[in-house]
Amino acid sequence: MNSSDRLHNPRVIAGTTSGFEGFQRFRSRVVDPLRNLLPVAVEVEAVPPATREAVVAALEARGFFVHEGEPGETRLVLAGTLDRFDLLRGMGPDAAPELAELAGCVVRAVDARFEETFVVETARGPLRLGRRPLVMGILNVTPDSFSDGGRFEDPDVAVERAFEMVEQGADLVDVGAESTRPGATPVPPEEELRRLLPVVRVLGESLPVPLSLDTRRSEVAERLLDLGVAIVNDVTGLDHDPRLAEAAARRGAAMVLNHIRGTPQTMQDAPRYDDAAADICRSLRERLERAQRAGVAAERVILDPGIGFGKRLEDNLDVLARLAEFRSLGRPLLIGCSRKSFLGLLTGRAPEERTAATTATTAIGALRGVKLIRVHEVKETVDVLKVLDAIDGRLEMA
Ligand code: HH2
């Protein structure tokens, strides 16, 4: 993570729906003439009062529309057609000193927004992410998970379930032994290992898809990464145990960094955001930077806005509505909405009856550019993504 990107948190906030998807269609034929028709808006933060006027003047001189907001505001929105943004490329400090740093951030945010494919290196080889998102099947080896607690506590049943999910089309399996539902009791690391070891011993060797380990503890990861785990999925996004990143780095594991506010015990105690999607995006940049400082290459990191982790209904909805903004982070995105309580609030249904509601979030995620979807119901999710992909794929065939 570039430190000025962390400071300015640049995000493409508009021009991210049909305009861009339509653009993909013409990419191979008539890209350039369209560049001066496609509107794009980028929001940047922390533009200090001292340089603000000069920055605005320099942008306006280059044909941007600049929205400055209220007096005292440090955010700016700059909007223009896509070709305008080319004027910000490779700008030396001598050309427009007040603009140079910001221009770099803006250009990176716009380029990242267009990124369609990623290769994420894991401890078990590369994970290729394309237009169709991958499905991560959930395996909870817990007595108390919110929707399937107790079902897969027996290691044989858990192993069987993992293979069943692969048969149904899961591209990865995420195994965890500590529930993170709001208010869940923490599990001591010895107990977490006791639950996981017999399952991971078998799956690490024999599962034909990458195994992801849902843990927040370095001692658990250290032990299990030797048994074939490819990815470490940390719901605390390195808040709980910063050494987790070092453990992942030593073994060459990929990491999922999830956004959380507080801990699973406290996270639903009146969470508040100024601007949920922007705040979470900024926090993910900071977590990515922490992982990098611990030796995890950015190319190994997947980011997750953490649906349900310290968020009210409206925060979850804000994040899902604005998922495309998170693409400016330049890393693949994962979402986990499966059966979560906000879906219960919207539909009035119990956890095991939230399949259709979960599916709606899968479709939104896929259409907004999410690359991995974490779900309980693999079979249904795979079907949804096959149909979406068949339809969406035609946009590239023109
Ligand atoms: N959600 C849960 C657990 N792990 N990991 C990521 N990256 N993203 C998520 O949204 C996420 C996650 C919670 O869901 P579940 O595993 O079904 O429940 P529990 O924590 O009660 O076991």
# chains A, B, ... in the order shown; residues from 1 in each chain; ligands from 1
>>> residues_around(residues="A:Ala253", least_positions_apart="5", cutoff="6 Å", atoms="only C-alpha atoms", output="PyMOL selection string")
chain A and resi 122-123+230-231+248
>>> write_last_selection(atoms="C-alpha atoms", output="PDB file, in the first residue's frame")
ATOM      1  CA  THR A 122      -0.973 -19.009  -1.785  1.00  0.00           C
ATOM      2  CA  ALA A 123       1.041 -21.578   0.165  1.00  0.00           C
ATOM      3  CA  ALA A 230      -3.134 -22.415   1.622  1.00  0.00           C
ATOM      4  CA  ILE A 231      -4.826 -19.280   2.977  1.00  0.00           C
ATOM      5  CA  ALA A 248       1.485 -16.389   7.013  1.00  0.00           C
TER       6      ALA A 248
END
>>> residues_around(residues="stretch 111-116 of chain A", least_positions_apart="5", cutoff="9 Å", atoms="only C-alpha atoms", output="number ranges by chain")
A: 11-12, 16, 20, 106, 129-131, 324-331, 369
>>> closest_residue(among="A:Ser145, A:Ala247, A:Pro242, A:Ala291", to="A:Pro351", atoms="only C-alpha atoms")
A:Ser145
>>> residues_around(residues="A:Leu88", least_positions_apart="3", cutoff="10 Å", atoms="only C-alpha atoms", output="number ranges by chain")
A: 59, 62, 83-85, 91-92, 99-100, 102-107
>>> residues_around(residues="stretch 212-218 of chain A", least_positions_apart="2", cutoff="7 Å", atoms="only C-alpha atoms", output="short mmCIF file (atom, residue, chain, number, x, y, z; two decimals) with N, CA and C atoms, in the first residue's frame")
data_model
loop_
_atom_site.label_atom_id
_atom_site.label_comp_id
_atom_site.auth_asym_id
_atom_site.auth_seq_id
_atom_site.Cartn_x
_atom_site.Cartn_y
_atom_site.Cartn_z
N VAL A 173 -12.39 -24.25 0.37
CA VAL A 173 -13.14 -24.55 1.60
C VAL A 173 -12.48 -23.77 2.73
N ASP A 174 -13.32 -23.12 3.54
CA ASP A 174 -12.83 -22.31 4.66
C ASP A 174 -13.22 -23.00 5.95
N VAL A 175 -12.22 -23.51 6.67
CA VAL A 175 -12.52 -24.25 7.89
C VAL A 175 -12.21 -23.39 9.12
N GLY A 176 -13.12 -23.40 10.07
CA GLY A 176 -12.91 -22.60 11.28
C GLY A 176 -13.46 -23.34 12.49
N PRO A 210 -7.99 -25.49 -2.72
CA PRO A 210 -7.25 -24.87 -1.61
C PRO A 210 -8.07 -24.81 -0.33
N VAL A 220 -2.22 -21.06 16.19
CA VAL A 220 -3.07 -22.03 15.48
C VAL A 220 -2.62 -22.11 14.01
N ALA A 221 -2.40 -20.95 13.42
CA ALA A 221 -1.98 -20.92 12.01
C ALA A 221 -0.63 -21.61 11.83
N GLU A 222 0.32 -21.30 12.72
CA GLU A 222 1.67 -21.90 12.63
C GLU A 222 1.56 -23.41 12.51
N VAL A 229 -2.54 -26.01 4.68
CA VAL A 229 -3.43 -24.85 4.55
C VAL A 229 -2.81 -23.85 3.55
N ALA A 230 -3.64 -23.32 2.66
CA ALA A 230 -3.13 -22.41 1.62
C ALA A 230 -3.32 -20.94 1.98
N ILE A 231 -4.41 -20.67 2.73
CA ILE A 231 -4.83 -19.28 2.98
C ILE A 231 -5.19 -19.13 4.45
N VAL A 232 -4.82 -18.00 5.04
CA VAL A 232 -5.25 -17.71 6.41
C VAL A 232 -6.31 -16.61 6.32
N ASN A 233 -7.46 -16.88 6.90
CA ASN A 233 -8.58 -15.95 6.87
C ASN A 233 -8.77 -15.38 8.27
N ASP A 234 -8.41 -14.10 8.43
CA ASP A 234 -8.45 -13.49 9.76
C ASP A 234 -9.62 -12.50 9.85
N VAL A 235 -10.65 -12.89 10.58
CA VAL A 235 -11.83 -12.00 10.68
C VAL A 235 -11.50 -10.72 11.44
N THR A 236 -10.42 -10.71 12.20
CA THR A 236 -10.07 -9.49 12.94
C THR A 236 -9.14 -8.58 12.12
N HIS A 240 -6.36 -8.70 16.26
CA HIS A 240 -6.20 -9.57 17.43
C HIS A 240 -4.74 -9.98 17.64
N ASP A 241 -4.09 -10.44 16.58
CA ASP A 241 -2.75 -11.01 16.72
C ASP A 241 -1.90 -10.61 15.51
N ARG A 243 1.04 -11.05 14.93
CA ARG A 243 2.01 -12.08 14.52
C ARG A 243 1.42 -13.06 13.51
N LEU A 244 0.11 -13.02 13.36
CA LEU A 244 -0.53 -13.90 12.37
C LEU A 244 0.02 -13.61 10.97
N ALA A 247 3.38 -15.21 10.58
CA ALA A 247 3.24 -16.67 10.38
C ALA A 247 2.85 -16.96 8.93
#
>>> select_by_dssp(residues="stretch 305-383 of chain A", states="strand (DSSP E or B)", output="list of chain:residue names")
A:Leu333, A:Leu334, A:Ile335, A:Leu372, A:Ile373, A:Arg374, A:Val375
>>> write_last_selection(atoms="N, CA, C and O atoms", output="CSV table (one decimal), in the first residue's frame")
chain,number,residue,atom,x,y,z
A,333,LEU,N,-11.6,-8.8,-3.8
A,333,LEU,CA,-12.6,-8.6,-2.7
A,333,LEU,C,-13.3,-10.0,-2.4
A,333,LEU,O,-13.7,-10.7,-3.4
A,334,LEU,N,-13.5,-10.2,-1.2
A,334,LEU,CA,-14.3,-11.4,-0.7
A,334,LEU,C,-15.5,-10.8,0.1
A,334,LEU,O,-15.3,-9.8,0.8
A,335,ILE,N,-16.7,-11.4,-0.1
A,335,ILE,CA,-17.7,-11.0,0.9
A,335,ILE,C,-18.3,-12.3,1.5
A,335,ILE,O,-18.4,-13.4,0.9
A,372,LEU,N,-14.5,-13.4,-4.6
A,372,LEU,CA,-14.7,-14.6,-3.8
A,372,LEU,C,-16.0,-14.4,-2.9
A,372,LEU,O,-16.2,-13.4,-2.3
A,373,ILE,N,-16.8,-15.5,-2.9
A,373,ILE,CA,-18.1,-15.4,-2.1
A,373,ILE,C,-18.1,-16.6,-1.1
A,373,ILE,O,-17.9,-17.7,-1.5
A,374,ARG,N,-18.2,-16.2,0.2
A,374,ARG,CA,-18.1,-17.2,1.2
A,374,ARG,C,-19.5,-17.6,1.6
A,374,ARG,O,-20.3,-16.7,2.1
A,375,VAL,N,-19.9,-18.9,1.4
A,375,VAL,CA,-21.3,-19.3,1.7
A,375,VAL,C,-21.4,-20.7,2.3
A,375,VAL,O,-20.5,-21.5,2.2
>>> residues_near_ligand(ligand="ligand 1", cutoff="6 Å", atoms="only C-alpha atoms and all ligand atoms", output="list in words")
Asn140, Ser145, Phe146, Ser179, Thr180, Arg181, Asn233, Val235, Val256, Asn258, Asp304, Gly306, Ile307, Ile335, Gly336 and Cys337 of chain A
>>> write_last_selection(atoms="N, CA and C atoms", output="PDB file, in the first residue's frame")
ATOM      1  N   ASN A 140     -17.763 -25.099   9.445  1.00  0.00           N
ATOM      2  CA  ASN A 140     -17.632 -24.687  10.844  1.00  0.00           C
ATOM      3  C   ASN A 140     -17.549 -25.909  11.754  1.00  0.00           C
ATOM      4  N   SER A 145     -21.734 -22.192  16.130  1.00  0.00           N
ATOM      5  CA  SER A 145     -21.866 -21.208  15.040  1.00  0.00           C
ATOM      6  C   SER A 145     -23.326 -20.811  14.897  1.00  0.00           C
ATOM      7  N   PHE A 146     -23.544 -19.579  14.381  1.00  0.00           N
ATOM      8  CA  PHE A 146     -24.915 -19.059  14.483  1.00  0.00           C
ATOM      9  C   PHE A 146     -25.917 -19.839  13.642  1.00  0.00           C
ATOM     10  N   SER A 179     -16.553 -19.739  16.695  1.00  0.00           N
ATOM     11  CA  SER A 179     -17.635 -18.903  16.182  1.00  0.00           C
ATOM     12  C   SER A 179     -17.298 -17.430  16.427  1.00  0.00           C
ATOM     13  N   THR A 180     -17.626 -16.605  15.427  1.00  0.00           N
ATOM     14  CA  THR A 180     -17.394 -15.165  15.572  1.00  0.00           C
ATOM     15  C   THR A 180     -18.717 -14.419  15.609  1.00  0.00           C
ATOM     16  N   ARG A 181     -19.786 -15.148  15.847  1.00  0.00           N
ATOM     17  CA  ARG A 181     -21.095 -14.474  15.901  1.00  0.00           C
ATOM     18  C   ARG A 181     -21.067 -13.462  17.053  1.00  0.00           C
ATOM     19  N   ASN A 233      -7.461 -16.884   6.902  1.00  0.00           N
ATOM     20  CA  ASN A 233      -8.581 -15.950   6.866  1.00  0.00           C
ATOM     21  C   ASN A 233      -8.765 -15.376   8.267  1.00  0.00           C
ATOM     22  N   VAL A 235     -10.653 -12.890  10.578  1.00  0.00           N
ATOM     23  CA  VAL A 235     -11.826 -11.998  10.682  1.00  0.00           C
ATOM     24  C   VAL A 235     -11.504 -10.718  11.437  1.00  0.00           C
ATOM     25  N   VAL A 256      -6.669 -13.481   3.950  1.00  0.00           N
ATOM     26  CA  VAL A 256      -7.883 -12.681   3.824  1.00  0.00           C
ATOM     27  C   VAL A 256      -7.902 -11.752   5.029  1.00  0.00           C
ATOM     28  N   ASN A 258     -10.113  -9.166   6.970  1.00  0.00           N
ATOM     29  CA  ASN A 258     -11.514  -8.788   7.098  1.00  0.00           C
ATOM     30  C   ASN A 258     -11.611  -7.511   7.938  1.00  0.00           C
ATOM     31  N   ASP A 304     -11.731  -7.975   2.612  1.00  0.00           N
ATOM     32  CA  ASP A 304     -13.135  -8.285   2.886  1.00  0.00           C
ATOM     33  C   ASP A 304     -13.725  -7.157   3.750  1.00  0.00           C
ATOM     34  N   GLY A 306     -16.180  -7.176   5.589  1.00  0.00           N
ATOM     35  CA  GLY A 306     -16.631  -7.672   6.890  1.00  0.00           C
ATOM     36  C   GLY A 306     -18.101  -7.432   7.172  1.00  0.00           C
ATOM     37  N   ILE A 307     -18.947  -7.971   6.318  1.00  0.00           N
ATOM     38  CA  ILE A 307     -20.387  -7.818   6.527  1.00  0.00           C
ATOM     39  C   ILE A 307     -20.769  -8.424   7.888  1.00  0.00           C
ATOM     40  N   ILE A 335     -16.666 -11.406  -0.066  1.00  0.00           N
ATOM     41  CA  ILE A 335     -17.743 -11.048   0.870  1.00  0.00           C
ATOM     42  C   ILE A 335     -18.342 -12.309   1.492  1.00  0.00           C
ATOM     43  N   GLY A 336     -18.777 -12.155   2.727  1.00  0.00           N
ATOM     44  CA  GLY A 336     -19.427 -13.241   3.448  1.00  0.00           C
ATOM     45  C   GLY A 336     -20.730 -12.732   4.036  1.00  0.00           C
ATOM     46  N   CYS A 337     -21.819 -12.967   3.316  1.00  0.00           N
ATOM     47  CA  CYS A 337     -23.137 -12.498   3.794  1.00  0.00           C
ATOM     48  C   CYS A 337     -23.996 -13.676   4.244  1.00  0.00           C
TER      49      CYS A 337
END
>>> select_by_dssp(residues="stretch 241-320 of chain A", states="helix (DSSP H, G or I)", output="CSV table (one decimal) with C-alpha atoms, in the first residue's frame")
chain,number,residue,atom,x,y,z
A,243,ARG,CA,2.0,-12.1,14.5
A,244,LEU,CA,-0.5,-13.9,12.4
A,245,ALA,CA,0.8,-12.0,9.4
A,246,GLU,CA,4.3,-13.0,10.2
A,247,ALA,CA,3.2,-16.7,10.4
A,248,ALA,CA,1.5,-16.4,7.0
A,249,ALA,CA,4.5,-14.6,5.5
A,250,ARG,CA,6.9,-17.3,6.6
A,251,ARG,CA,4.8,-20.1,5.0
A,276,ALA,CA,-19.5,3.4,6.2
A,277,ALA,CA,-18.0,2.4,2.9
A,278,ALA,CA,-15.4,5.1,2.9
A,279,ASP,CA,-14.4,4.4,6.5
A,280,ILE,CA,-14.1,0.7,5.9
A,281,CYS,CA,-12.1,1.2,2.8
A,282,ARG,CA,-9.7,3.4,4.6
A,283,SER,CA,-9.3,0.8,7.4
A,284,LEU,CA,-8.7,-2.0,4.9
A,285,ARG,CA,-5.9,0.1,3.4
A,286,GLU,CA,-4.3,0.4,6.8
A,287,ARG,CA,-4.7,-3.4,7.4
A,288,LEU,CA,-3.1,-4.2,4.1
A,289,GLU,CA,-0.2,-1.9,5.0
A,290,ARG,CA,0.2,-3.7,8.3
A,291,ALA,CA,0.3,-7.1,6.6
A,292,GLN,CA,2.9,-5.8,4.1
A,293,ARG,CA,5.1,-4.5,7.0
A,298,ALA,CA,0.3,-7.3,-1.4
A,299,GLU,CA,-0.2,-9.9,-4.2
A,300,ARG,CA,-1.1,-12.4,-1.5
A,313,LEU,CA,-28.2,-2.9,9.0
A,314,GLU,CA,-27.7,0.4,7.2
A,315,ASP,CA,-23.9,0.0,7.3
A,316,ASN,CA,-24.1,-3.5,5.8
A,317,LEU,CA,-26.4,-2.2,3.1
A,318,ASP,CA,-24.1,0.8,2.4
A,319,VAL,CA,-21.2,-1.5,1.9
A,320,LEU,CA,-23.0,-3.8,-0.4
>>> residues_around(residues="stretch 47-49 of chain A", least_positions_apart="4", cutoff="8 Å", atoms="only C-alpha atoms", output="JSON, numbers by chain")
{"A": [8, 53, 72, 74, 75, 76]}
